[in-house]
$ cat my_file-v2.cif   # mmCIF, C-alpha atoms
data_coords
loop_
_atom_site.group_PDB
_atom_site.id
_atom_site.type_symbol
_atom_site.label_atom_id
_atom_site.label_comp_id
_atom_site.auth_asym_id
_atom_site.auth_seq_id
_atom_site.Cartn_x
_atom_site.Cartn_y
_atom_site.Cartn_z
ATOM 1 C CA MET O 804 4.145 -19.314 -13.845
ATOM 2 C CA THR O 805 3.763 -17.902 -17.362
ATOM 3 C CA THR O 806 6.296 -15.710 -19.110
ATOM 4 C CA ILE O 807 3.808 -12.829 -19.100
ATOM 5 C CA ALA O 808 3.397 -13.109 -15.333
ATOM 6 C CA ILE O 809 7.168 -13.069 -14.810
ATOM 7 C CA VAL O 810 7.533 -10.004 -17.027
ATOM 8 C CA MET O 811 4.696 -8.283 -15.160
ATOM 9 C CA ILE O 812 6.291 -9.038 -11.776
ATOM 10 C CA ILE O 813 9.671 -7.645 -12.856
ATOM 11 C CA SER O 814 8.015 -4.603 -14.447
ATOM 12 C CA ALA O 815 5.987 -3.981 -11.281
ATOM 13 C CA TYR O 816 9.149 -3.968 -9.167
ATOM 14 C CA LEU O 817 10.932 -1.583 -11.551
ATOM 15 C CA LEU O 818 7.945 0.772 -11.692
ATOM 16 C CA GLY O 819 7.655 0.651 -7.919
ATOM 17 C CA SER O 820 11.341 1.571 -7.693
ATOM 18 C CA VAL O 821 10.645 4.975 -9.253
ATOM 19 C CA SER O 822 10.450 7.092 -6.080
ATOM 20 C CA SER O 823 7.785 9.742 -6.582
ATOM 21 C CA ALA O 824 8.717 11.558 -3.377
ATOM 22 C CA ILE O 825 12.389 11.908 -4.257
ATOM 23 C CA LEU O 826 11.797 12.929 -7.881
ATOM 24 C CA ILE O 827 9.052 15.448 -7.085
ATOM 25 C CA CYS O 828 11.152 16.981 -4.308
ATOM 26 C CA ARG O 829 14.079 17.290 -6.719
ATOM 27 C CA LEU O 830 11.826 18.875 -9.340
ATOM 28 C CA LEU O 831 10.546 21.436 -6.830
ATOM 29 C CA LYS O 832 14.026 21.939 -5.311
ATOM 30 C CA LEU O 833 12.905 20.669 -1.917
ATOM 31 C CA PRO O 834 15.148 18.728 0.513
ATOM 32 C CA ASP O 835 15.612 15.013 -0.104
ATOM 33 C CA PRO O 836 12.907 13.356 2.057
ATOM 34 C CA ARG O 837 15.353 10.574 2.935
ATOM 35 C CA HIS O 838 17.552 13.065 4.801
ATOM 36 C CA ILE O 839 15.042 15.163 6.724
ATOM 37 C CA GLY O 840 12.006 14.725 8.955
ATOM 38 C CA SER O 841 11.112 11.065 9.329
ATOM 39 C CA HIS O 842 13.625 10.164 6.558
ATOM 40 C CA ASN O 843 10.780 8.328 4.825
ATOM 41 C CA PRO O 844 10.272 9.102 1.105
ATOM 42 C CA GLY O 845 6.503 9.075 1.228
ATOM 43 C CA ALA O 846 3.551 11.447 1.136
ATOM 44 C CA THR O 847 3.400 12.025 4.910
ATOM 45 C CA ASN O 848 6.984 13.273 5.095
ATOM 46 C CA VAL O 849 6.599 15.314 1.892
ATOM 47 C CA LEU O 850 3.505 16.967 3.406
ATOM 48 C CA ARG O 851 5.795 18.640 5.921
ATOM 49 C CA LEU O 852 8.414 19.549 3.335
ATOM 50 C CA GLY O 853 6.279 20.851 0.486
ATOM 51 C CA GLY O 854 2.693 21.211 1.654
ATOM 52 C CA LYS O 855 -0.581 19.544 0.741
ATOM 53 C CA LYS O 856 -0.405 19.840 -3.056
ATOM 54 C CA THR O 857 3.065 18.316 -3.217
ATOM 55 C CA ALA O 858 2.078 15.520 -0.842
ATOM 56 C CA LEU O 859 -1.044 14.818 -2.912
ATOM 57 C CA ALA O 860 1.048 14.557 -6.081
ATOM 58 C CA VAL O 861 3.341 12.048 -4.358
ATOM 59 C CA LEU O 862 0.352 10.101 -3.036
ATOM 60 C CA LEU O 863 -1.278 9.808 -6.465
ATOM 61 C CA CYS O 864 1.968 8.802 -8.191
ATOM 62 C CA ASP O 865 2.686 6.185 -5.524
ATOM 63 C CA MET O 866 -0.813 4.752 -5.919
ATOM 64 C CA LEU O 867 -0.423 4.557 -9.694
ATOM 65 C CA LYS O 868 2.747 2.488 -9.235
ATOM 66 C CA GLY O 869 0.504 -0.217 -7.802
ATOM 67 C CA THR O 870 -2.558 0.310 -9.981
ATOM 68 C CA ILE O 871 -0.828 0.214 -13.386
ATOM 69 C CA PRO O 872 0.843 -3.218 -13.120
ATOM 70 C CA VAL O 873 -2.177 -4.834 -11.456
ATOM 71 C CA TRP O 874 -4.488 -3.462 -14.151
ATOM 72 C CA GLY O 875 -2.036 -4.868 -16.669
ATOM 73 C CA GLY O 876 -2.315 -8.237 -14.962
ATOM 74 C CA TYR O 877 -6.112 -8.074 -15.253
ATOM 75 C CA PHE O 878 -5.737 -7.289 -18.949
ATOM 76 C CA PHE O 879 -3.663 -10.431 -19.457
ATOM 77 C CA HIS O 880 -6.109 -12.509 -17.355
ATOM 78 C CA ILE O 881 -3.473 -13.413 -14.777
ATOM 79 C CA GLU O 882 -4.873 -15.483 -11.912
ATOM 80 C CA PRO O 883 -5.612 -13.757 -8.560
ATOM 81 C CA ILE O 884 -2.690 -15.243 -6.606
ATOM 82 C CA LEU O 885 -0.208 -13.995 -9.220
ATOM 83 C CA LEU O 886 -1.909 -10.592 -9.208
ATOM 84 C CA GLY O 887 -1.063 -10.556 -5.511
ATOM 85 C CA VAL O 888 2.583 -11.307 -6.334
ATOM 86 C CA ILE O 889 2.570 -8.451 -8.875
ATOM 87 C CA ALA O 890 1.159 -6.107 -6.226
ATOM 88 C CA ILE O 891 3.803 -7.242 -3.735
ATOM 89 C CA ALA O 892 6.531 -6.686 -6.345
ATOM 90 C CA ALA O 893 5.327 -3.098 -6.859
ATOM 91 C CA CYS O 894 5.341 -2.499 -3.096
ATOM 92 C CA LEU O 895 8.795 -4.060 -2.720
ATOM 93 C CA GLY O 896 10.006 -1.705 -5.430
ATOM 94 C CA HIS O 897 8.618 1.240 -3.465
ATOM 95 C CA MET O 898 10.113 -0.022 -0.190
ATOM 96 C CA TYR O 899 13.479 -1.077 -1.625
ATOM 97 C CA PRO O 900 13.932 0.885 -4.891
ATOM 98 C CA ILE O 901 16.816 -0.333 -7.019
ATOM 99 C CA PHE O 902 17.195 3.151 -8.520
ATOM 100 C CA PHE O 903 17.585 4.881 -5.125
ATOM 101 C CA HIS O 904 19.989 2.686 -3.146
ATOM 102 C CA PHE O 905 17.092 0.585 -1.792
ATOM 103 C CA GLN O 906 15.983 3.460 0.482
ATOM 104 C CA GLY O 907 12.217 3.583 0.048
ATOM 105 C CA GLY O 908 8.946 4.247 1.811
ATOM 106 C CA LYS O 909 6.409 2.165 3.694
ATOM 107 C CA GLY O 910 4.357 1.123 0.650
ATOM 108 C CA VAL O 911 0.888 2.065 1.927
ATOM 109 C CA ALA O 912 -0.153 4.218 -1.042
ATOM 110 C CA THR O 913 1.266 1.703 -3.519
ATOM 111 C CA ALA O 914 -0.592 -1.100 -1.756
ATOM 112 C CA LEU O 915 -3.832 0.891 -1.905
ATOM 113 C CA GLY O 916 -3.252 1.504 -5.593
ATOM 114 C CA SER O 917 -2.695 -2.224 -6.093
ATOM 115 C CA ILE O 918 -5.963 -3.088 -4.363
ATOM 116 C CA ALA O 919 -7.991 -0.370 -6.117
ATOM 117 C CA PRO O 920 -8.611 -2.373 -9.345
ATOM 118 C CA ILE O 921 -10.579 -4.935 -7.317
ATOM 119 C CA GLY O 922 -13.400 -2.443 -7.041
ATOM 120 C CA LEU O 923 -14.480 1.093 -6.180
ATOM 121 C CA GLY O 924 -16.423 -0.100 -3.135
ATOM 122 C CA LEU O 925 -13.328 -1.695 -1.615
ATOM 123 C CA SER O 926 -11.237 1.405 -2.290
ATOM 124 C CA CYS O 927 -13.835 3.605 -0.606
ATOM 125 C CA LEU O 928 -13.926 1.337 2.456
ATOM 126 C CA LEU O 929 -10.138 1.456 2.774
ATOM 127 C CA ILE O 930 -9.952 5.237 2.351
ATOM 128 C CA ALA O 931 -12.810 5.771 4.823
ATOM 129 C CA THR O 932 -11.097 3.539 7.391
ATOM 130 C CA TRP O 933 -7.800 5.384 7.014
ATOM 131 C CA LEU O 934 -9.469 8.790 7.327
ATOM 132 C CA LEU O 935 -11.500 7.730 10.367
ATOM 133 C CA VAL O 936 -8.417 6.536 12.256
ATOM 134 C CA ILE O 937 -6.527 9.714 11.298
ATOM 135 C CA VAL O 938 -9.359 11.910 12.582
ATOM 136 C CA LEU O 939 -9.756 9.938 15.818
ATOM 137 C CA PHE O 940 -6.129 9.274 16.725
ATOM 138 C CA ARG O 941 -3.893 11.471 14.498
ATOM 139 C CA TYR O 942 -1.386 8.682 13.888
ATOM 140 C CA SER O 943 -0.532 8.112 10.224
ATOM 141 C CA SER O 944 1.122 4.773 10.978
ATOM 142 C CA LEU O 945 -1.814 3.540 13.078
ATOM 143 C CA ALA O 946 -4.218 4.472 10.278
ATOM 144 C CA ALA O 947 -2.124 2.492 7.794
ATOM 145 C CA ILE O 948 -1.834 -0.534 10.099
ATOM 146 C CA ILE O 949 -5.548 -0.726 10.928
ATOM 147 C CA THR O 950 -6.524 -0.188 7.289
ATOM 148 C CA VAL O 951 -4.323 -2.978 5.951
ATOM 149 C CA LEU O 952 -5.411 -5.320 8.752
ATOM 150 C CA LEU O 953 -9.028 -4.801 7.701
ATOM 151 C CA ALA O 954 -8.276 -4.982 3.965
ATOM 152 C CA PRO O 955 -8.523 -8.810 3.727
ATOM 153 C CA LEU O 956 -11.868 -8.748 5.570
ATOM 154 C CA TYR O 957 -13.242 -6.045 3.289
ATOM 155 C CA THR O 958 -12.007 -7.990 0.254
ATOM 156 C CA TRP O 959 -13.645 -11.195 1.480
ATOM 157 C CA MET O 960 -16.934 -9.299 1.820
ATOM 158 C CA ILE O 961 -16.757 -7.849 -1.706
ATOM 159 C CA LYS O 962 -14.683 -10.207 -3.922
ATOM 160 C CA PRO O 963 -13.579 -13.211 -1.859
ATOM 161 C CA GLN O 964 -11.428 -14.692 -4.644
ATOM 162 C CA TYR O 965 -8.898 -11.903 -4.001
ATOM 163 C CA THR O 966 -8.749 -12.344 -0.206
ATOM 164 C CA LEU O 967 -5.503 -14.344 -0.173
ATOM 165 C CA PRO O 968 -3.460 -11.975 -2.383
ATOM 166 C CA VAL O 969 -4.707 -8.970 -0.389
ATOM 167 C CA ALA O 970 -3.790 -10.756 2.853
ATOM 168 C CA MET O 971 -0.292 -11.385 1.460
ATOM 169 C CA LEU O 972 0.041 -7.696 0.668
ATOM 170 C CA ALA O 973 -1.246 -6.736 4.115
ATOM 171 C CA CYS O 974 1.391 -8.912 5.798
ATOM 172 C CA LEU O 975 4.135 -7.127 3.867
ATOM 173 C CA ILE O 976 2.868 -3.683 4.890
ATOM 174 C CA ILE O 977 2.552 -4.712 8.547
ATOM 175 C CA PHE O 978 6.120 -6.042 8.479
ATOM 176 C CA ARG O 979 7.348 -2.724 7.046
ATOM 177 C CA HIS O 980 5.689 -0.920 9.959
ATOM 178 C CA HIS O 981 7.320 -3.002 12.705
ATOM 179 C CA LYS O 982 9.261 0.001 14.053
ATOM 180 C CA ASN O 983 6.095 2.107 14.099
ATOM 181 C CA ILE O 984 4.265 -0.643 15.982
ATOM 182 C CA LYS O 985 7.005 -0.686 18.602
ATOM 183 C CA ARG O 986 6.793 3.107 18.999
ATOM 184 C CA LEU O 987 3.003 2.992 19.224
ATOM 185 C CA LEU O 988 3.236 0.432 22.014
ATOM 186 C CA ASP O 989 5.793 2.392 24.028
ATOM 187 C CA GLY O 990 4.078 5.751 23.428
ATOM 188 C CA SER O 991 6.900 7.370 21.440
ATOM 189 C CA GLU O 992 5.202 7.420 18.021
ATOM 190 C CA PRO O 993 4.630 11.048 16.931
ATOM 191 C CA LYS O 994 1.249 12.164 15.650
ATOM 192 C CA ILE O 995 0.672 13.353 12.093
ATOM 193 C CA ASN O 996 0.699 17.037 13.055
ATOM 194 C CA GLU O 997 3.911 16.761 15.037
ATOM 195 C CA LYS O 998 7.333 17.581 13.648
ATOM 196 C CA ASN O 999 8.690 14.034 13.314
ATOM 197 C CA SER O 1000 5.561 12.210 12.203
ATOM 198 C CA VAL O 1001 6.111 9.194 9.957
#
$ encode --input "my_file-v2.cif" --output "C-alpha cells"
Amino acid sequence: MTTIAIVMIISAYLLGSVSSAILICRLLKLPDPRHIGSHNPGATNVLRLGGKKTALAVLLCDMLKGTIPVWGGYFFHIEPILLGVIAIAACLGHMYPIFFHFQGGKGVATALGSIAPIGLGLSCLLIATWLLVIVLFRYSSLAAIITVLLAPLYTWMIKPQYTLPVAMLACLIIFRHHKNIKRLLDGSEPKINEKNSV
C-alpha cells in the first residue's frame, strides 16, 4: 500500500467523521438527532426534525463525504481495491465518527456518494432502485438494503473492475442495518411516514 493511499484512507475516515446531520441541526437550532426520533444522525431522521430542505442538505453533505475522497483516489490513480477501502473508511467515519463520540448514522448516503464516481449510469440505477422500493413499501431501511444488495450487480454490468470494492462496501452497509433487518422480519420496523422511522 502506497503512502498516498494510506493518507487518503485516513483522510476519508476523518472527513466521514464530520456529522452533517448534527452540525446542520446545531446551525438551525434543531434538536440533536442522536437524542430524538430514531436517534440516527442521518437524513431520514432529520427529515422529521427539520423538513425536506434540511434533510436534503444533510443528504448532499453526507454523499459528498464519500465522493470527495474517492474522486481524490481516482486523481492519484489508486487501484480499484484500494478505492474500495477509501470508500469504506469514509463510511466508517460516518458510522463511527471520532469527532462525535462514535455515534453516527447508517452510511447509506455516504456509500452512494462513494459509488457515484464510477459513473452516472450506476448512480441513476441506485437512486431509481431506492425510490422504487420507497414508493412500493415505504420502508427507508428496506430501500437501503435492497439498493446496496443490487449495487455489486449493477457495478458488474457497467464497470466490472469495481465489483469487488462495491461488494465490500455493500457488506458493511448490510451489517450496519442488522437491527433494521431483524425488525423487518418480525414486523416491527416503522415505515418512513411513521413517527419512529429510521
$ axis_aligned_box --input "my_file-v2.cif" --around "range 834-846 of chain O" --padding-each-side "8 Å" --output "JSON"
{"center_x": 10.6, "center_y": 13.5, "center_z": 4.6, "size_x": 30.0, "size_y": 26.4, "size_z": 25.4}
$ closest_residue --input "my_file-v2.cif" --among "O:Val911, O:Leu830, O:Ile918, O:Ala860" --to "Ala890 in chain O" --atoms "all atoms listed in the file"
O:Ile918
$ residues_around --input "my_file-v2.cif" --residues "range 974-988 of chain O" --least-positions-apart "5" --cutoff "12 Å" --atoms "only C-alpha atoms" --output "PyMOL selection string"
chain O and resi 841+843+887-888+890-895+897-899+907-915+940-955+967-969+993-994+1000-1001
$ closest_residue --input "my_file-v2.cif" --among "O:Ala815, O:Ile930, O:Ile961, O:Leu863" --to "Leu885 in chain O" --atoms "all atoms listed in the file"
O:Ala815
$ atom_distance --input "my_file-v2.cif" --atom1 "CA of Ile825 in chain O" --atom2 "CA of Ser926 in chain O"
25.9 Å
$ residues_near_point --input "my_file-v2.cif" --point "(2.4, 9.0, -7.4)" --cutoff "9 Å" --atoms "all atoms listed in the file" --output "PyMOL selection string"
chain O and resi 822-824+846+859-868+912-913
$ write_last_selection --input "my_file-v2.cif" --atoms "C-alpha atoms" --output "PDB file, in the frame of the given file"
ATOM      1  CA  SER O 822      10.450   7.092  -6.080  1.00  0.00           C
ATOM      2  CA  SER O 823       7.785   9.742  -6.582  1.00  0.00           C
ATOM      3  CA  ALA O 824       8.717  11.558  -3.377  1.00  0.00           C
ATOM      4  CA  ALA O 846       3.551  11.447   1.136  1.00  0.00           C
ATOM      5  CA  LEU O 859      -1.044  14.818  -2.912  1.00  0.00           C
ATOM      6  CA  ALA O 860       1.048  14.557  -6.081  1.00  0.00           C
ATOM      7  CA  VAL O 861       3.341  12.048  -4.358  1.00  0.00           C
ATOM      8  CA  LEU O 862       0.352  10.101  -3.036  1.00  0.00           C
ATOM      9  CA  LEU O 863      -1.278   9.808  -6.465  1.00  0.00           C
ATOM     10  CA  CYS O 864       1.968   8.802  -8.191  1.00  0.00           C
ATOM     11  CA  ASP O 865       2.686   6.185  -5.524  1.00  0.00           C
ATOM     12  CA  MET O 866      -0.813   4.752  -5.919  1.00  0.00           C
ATOM     13  CA  LEU O 867      -0.423   4.557  -9.694  1.00  0.00           C
ATOM     14  CA  LYS O 868       2.747   2.488  -9.235  1.00  0.00           C
ATOM     15  CA  ALA O 912      -0.153   4.218  -1.042  1.00  0.00           C
ATOM     16  CA  THR O 913       1.266   1.703  -3.519  1.00  0.00           C
TER      17      THR O 913
END
$ atom_distance --input "my_file-v2.cif" --atom1 "CA of His880 in chain O" --atom2 "CA of Ile901 in chain O"
27.9 Å
$ atom_distance --input "my_file-v2.cif" --atom1 "CA of Thr806 in chain O" --atom2 "CA of Pro872 in chain O"
14.9 Å
$ closest_residue --input "my_file-v2.cif" --among "O:Gly854, O:Gly922, O:Gly990, O:Gly840" --to "Tyr957 in chain O" --atoms "only C-alpha atoms"
O:Gly922
$ closest_residue --input "my_file-v2.cif" --among "O:Pro920, O:Gly896, O:Gly819, O:Pro963" --to "Phe878 in chain O" --atoms "all atoms listed in the file"
O:Pro920
$ residues_near_point --input "my_file-v2.cif" --point "(10.8, 13.9, 2.5)" --cutoff "7 Å" --atoms "only C-alpha atoms" --output "PyMOL selection string"
chain O and resi 824+834-837+839-840+842-845+848-849+852
